[in-house]
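**Q** Provided herewith is a single structure, encoded as structure tokens, for subsequent inquiry.
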Amino acid sequence: MQEKKKRIFSGIQPSGYFTLGNYLGALKNWVTLQNDYDCIFCVVDLHALTVRQEPKHLRKRTYDSFVQLLACGIDPQKALLFIQSYVSAHTELAWILDCYTYMGELNRMTQFKDKAEKHSDNINAGLFTYPSLMAADILLYQTDLVPVGDDQKQHIELTRDLANRFNNTYSPTFMVPEGYYPKTGARIMSLQEPEKKMSKSDENENGFIMLLEEPSMIMKKIKRAVTDSENEVRYDRENKAGISNLMEIYSSLTEKSFEEIENEFKGIGYGEFKIAVGEAVIKELDPIQKRFKELSSDKAYVEKLIQEGAQKAEALAYKTLRKVKKKIGLYQVK
């Protein structure tokens with residue numbers, strides 16, 4: 001008898017076109033995970049509402065995010081891919097979990113503090129309680145594993161606490177998920193400020209590379225990447241943050257170790273190394289860009305996949321939600 005695959009849930013916000021950091025840090029890994037796990041991937045458009053959005057832009061970014069995930073290699077035959085707002089069970093369970101989440105727990109969330117600082121003119125209740133929505137995203141699907149970065153550890157701990165609290169108050173209802181820390185998946189930093197994470201919200205456009213960026217612009221940005229006054233390709237995050245970041249990118253794309261990269265570019269210098277990094281990025285992104293263009297020209301096919309993904313997700317989510325409603329005493333007609 002074949003062993004049941006463990007279920008993985010992961011989501012990404014539709015906050016613009018994805019960056020090379022998103023791809024190497026998470027999306028490239030998602031494509032691999034779908035072969036070995038029962039994967040559920042979600043464009044979490046409801047989470048984007050904690051920041052004021054231009055409606056037409058949010059609609060376009062949500063659609064384009066879905067298409068980019070397909071272009072990166074997410075296969076609807078292998079993984080469940082859907083848009084969060086199509087499944088209202090997410091917001092229903094989030095409200096229920098809010099009623100089991102303590103203010104002190106939400107107060108401790110460092111991401112709330114960071115985002116409140118960035119958007120001090122719009123510190124809304126959604127920004128404060130969005131960890132409950134994140135917990136609902138995960139718990140609805142009886143998730144075993146959640147891929148998490150360092151900045152998400154607090155959220156997975158809260159999700160586990162809520163699952164245990166509910167299970168202990170009533171009876172086992174939710175799978176208590178574990179954090180999944182992938183062996184591969186680099187933390188790619190800004191090309192201009194290598195001490196901070198690469199982000200599409202960076203004011204300096206030279207700091208990030210978009211997945212759909214023109215090849216000439218990719219090469220230009222890599223050549224402009226901040227390095228140091230030495231000319232030795234050597235991995236040292238503390239003293240050579242810029243060159244180490246480029247080595248992370250090159251290593252992730254070529255699967256070469258830092259030692260192999262150091263030997264390959266010994267005595268050659270930064271100029272040649274940057275060209276090699278640029279070429280590796282362009283080569284990796286070329287099929288993704290072609291596939292994105294191809295999919296974008298067939299809107300009927302993409303919308304069919306959006307509908308099918310939503311229907312499958314809804315069936316799984318409501319199975320859990322019905323159990324929850326019954327256990328807490330909400331009246332349901334049989």
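Ordering of the structure tokens sets the chain letters (A, B, ...), residue numbers begin anew at 1 in every chain, and ligands are numbered from 1 in the order given.
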Identify, on the basis of only C-alpha atoms, every residue whose closest approach to segment 86-97 of chain A does not exceed 8 Å; exclude the query and any residue fewer than 6 positions from it along the same chain; express the result as a list in words.

**A**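 So the residues in contact are Ser132, Leu133, Met134, Ala135, Ala136, Asp137, Leu140, Leu162, Ala310, Ala313, Glu314, Ala317, Tyr318 and Leu321 of chain A.
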
**Q** Output N, CA and C atoms of each residue in that selection to a file, as a PDB file, in the first residue's frame.

**A**
```pdb
ATOM      1  N   SER A 132      -4.403  35.500  12.267  1.00  0.00           N
ATOM      2  CA  SER A 132      -5.534  34.570  12.425  1.00  0.00           C
ATOM      3  C   SER A 132      -6.026  34.087  11.056  1.00  0.00           C
ATOM      4  N   LEU A 133      -6.006  34.997  10.068  1.00  0.00           N
ATOM      5  CA  LEU A 133      -6.382  34.604   8.705  1.00  0.00           C
ATOM      6  C   LEU A 133      -5.334  33.652   8.137  1.00  0.00           C
ATOM      7  N   MET A 134      -4.071  33.931   8.442  1.00  0.00           N
ATOM      8  CA  MET A 134      -2.999  33.036   7.989  1.00  0.00           C
ATOM      9  C   MET A 134      -3.152  31.646   8.606  1.00  0.00           C
ATOM     10  N   ALA A 135      -3.531  31.619   9.881  1.00  0.00           N
ATOM     11  CA  ALA A 135      -3.765  30.337  10.560  1.00  0.00           C
ATOM     12  C   ALA A 135      -4.938  29.606   9.913  1.00  0.00           C
ATOM     13  N   ALA A 136      -5.997  30.351   9.570  1.00  0.00           N
ATOM     14  CA  ALA A 136      -7.163  29.748   8.908  1.00  0.00           C
ATOM     15  C   ALA A 136      -6.767  29.156   7.555  1.00  0.00           C
ATOM     16  N   ASP A 137      -5.934  29.887   6.805  1.00  0.00           N
ATOM     17  CA  ASP A 137      -5.458  29.393   5.506  1.00  0.00           C
ATOM     18  C   ASP A 137      -4.858  27.992   5.652  1.00  0.00           C
ATOM     19  N   LEU A 140      -7.474  25.058   7.511  1.00  0.00           N
ATOM     20  CA  LEU A 140      -8.618  24.601   6.705  1.00  0.00           C
ATOM     21  C   LEU A 140      -8.305  23.339   5.917  1.00  0.00           C
ATOM     22  N   LEU A 162      -3.088  27.778  18.199  1.00  0.00           N
ATOM     23  CA  LEU A 162      -4.534  27.853  17.975  1.00  0.00           C
ATOM     24  C   LEU A 162      -5.119  26.474  17.694  1.00  0.00           C
ATOM     25  N   ALA A 310     -10.438  26.734  -7.478  1.00  0.00           N
ATOM     26  CA  ALA A 310     -11.334  27.240  -6.428  1.00  0.00           C
ATOM     27  C   ALA A 310     -12.325  26.162  -5.986  1.00  0.00           C
ATOM     28  N   ALA A 313     -10.495  23.529  -3.891  1.00  0.00           N
ATOM     29  CA  ALA A 313     -10.131  24.088  -2.585  1.00  0.00           C
ATOM     30  C   ALA A 313     -11.364  24.236  -1.700  1.00  0.00           C
ATOM     31  N   GLU A 314     -12.465  24.683  -2.287  1.00  0.00           N
ATOM     32  CA  GLU A 314     -13.709  24.884  -1.546  1.00  0.00           C
ATOM     33  C   GLU A 314     -14.203  23.571  -0.934  1.00  0.00           C
ATOM     34  N   ALA A 317     -11.932  22.808   2.030  1.00  0.00           N
ATOM     35  CA  ALA A 317     -12.066  23.800   3.106  1.00  0.00           C
ATOM     36  C   ALA A 317     -13.382  23.644   3.866  1.00  0.00           C
ATOM     37  N   TYR A 318     -14.482  23.458   3.143  1.00  0.00           N
ATOM     38  CA  TYR A 318     -15.790  23.376   3.813  1.00  0.00           C
ATOM     39  C   TYR A 318     -15.958  22.092   4.612  1.00  0.00           C
ATOM     40  N   LEU A 321     -14.525  23.268   7.803  1.00  0.00           N
ATOM     41  CA  LEU A 321     -15.340  24.325   8.405  1.00  0.00           C
ATOM     42  C   LEU A 321     -16.644  23.779   9.000  1.00  0.00           C
TER      43      LEU A 321
END
```

**Q** Please list as a PyMOL selection string every residue within 12 Å of segment 119-131 of chain A, counting only C-alpha atoms and excluding residues in the same chain fewer than 5 positions away.

**A** chain A and resi 44+46-53+90-91+94-114+136-138+152-162

**Q** Between A:Phe273, A:Tyr331, A:Tyr235, A:Phe82, which one has atoms that come closest to Gly11 of chain A, using only C-alpha atoms?

**A** A:Phe82

**Q** Counting only C-alpha atoms, figure out which residue out of A:Arg187, A:Lys56, A:Lys266, A:Lys223 gets nearest to Leu20 of chain A.

**A** A:Arg187

**Q** Could you name the residues that touch Glu264 of chain A at 12 Å or less, counting only C-alpha atoms, but leaving out those on the same chain fewer than 3 positions away, as a list in words?

**A**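 My list of contacting residues is Glu232, Val233, Arg234, Met247, Tyr250, Ser251, Lys256, Ser257, Phe258, Glu259, Glu260, Ile261, Gly267, Ile268, Gly269, Glu272, Phe273 and Ala276 of chain A.
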
**Q** Would you export the selected residues with C-alpha atoms as a PDB file, in the first residue's frame, please?

**A**
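result_27.pdb was written with the following content:
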```pdb
ATOM      1  CA  GLU A 232      38.213  38.464  -4.893  1.00  0.00           C
ATOM      2  CA  VAL A 233      35.148  36.260  -5.399  1.00  0.00           C
ATOM      3  CA  ARG A 234      34.858  34.815  -1.888  1.00  0.00           C
ATOM      4  CA  MET A 247      27.289  33.964  -5.110  1.00  0.00           C
ATOM      5  CA  TYR A 250      24.751  31.914  -8.912  1.00  0.00           C
ATOM      6  CA  SER A 251      24.870  28.881  -6.614  1.00  0.00           C
ATOM      7  CA  LYS A 256      27.604  24.844  -7.649  1.00  0.00           C
ATOM      8  CA  SER A 257      28.957  25.116  -4.108  1.00  0.00           C
ATOM      9  CA  PHE A 258      30.537  28.356  -2.879  1.00  0.00           C
ATOM     10  CA  GLU A 259      33.922  26.636  -2.938  1.00  0.00           C
ATOM     11  CA  GLU A 260      33.449  25.627  -6.595  1.00  0.00           C
ATOM     12  CA  ILE A 261      32.424  29.192  -7.464  1.00  0.00           C
ATOM     13  CA  GLY A 267      41.987  35.644 -10.074  1.00  0.00           C
ATOM     14  CA  ILE A 268      39.325  36.664 -12.609  1.00  0.00           C
ATOM     15  CA  GLY A 269      37.619  39.498 -10.710  1.00  0.00           C
ATOM     16  CA  GLU A 272      33.574  38.591 -15.334  1.00  0.00           C
ATOM     17  CA  PHE A 273      31.747  37.078 -12.375  1.00  0.00           C
ATOM     18  CA  ALA A 276      28.340  34.980 -15.535  1.00  0.00           C
TER      19      ALA A 276
END
```

**Q** Counting only C-alpha atoms, which residue out of A:Asn204, A:Asn35, A:Ser199, A:Ser85 sits closest to Gln307 of chain A?

**A** A:Ser85

**Q** Which of segment 92-300 of chain A counts as alpha helix (DSSP H) under DSSP, as JSON, numbers by chain please?

**A** {"A": [92, 93, 94, 95, 96, 97, 98, 103, 104, 105, 106, 107, 110, 111, 112, 113, 114, 115, 116, 117, 118, 125, 126, 127, 128, 129, 130, 131, 132, 133, 134, 135, 136, 137, 138, 139, 153, 154, 155, 156, 157, 158, 159, 160, 161, 162, 163, 164, 165, 166, 167, 168, 169, 215, 216, 217, 218, 219, 220, 221, 222, 223, 224, 241, 242, 243, 244, 245, 246, 247, 248, 249, 250, 251, 252, 253, 254, 258, 259, 260, 261, 262, 263, 264, 270, 271, 272, 273, 274, 275, 276, 277, 278, 279, 280, 281, 282, 283, 284, 285, 286, 287, 288, 289, 290, 291, 292, 293, 294, 295, 296, 299, 300]}
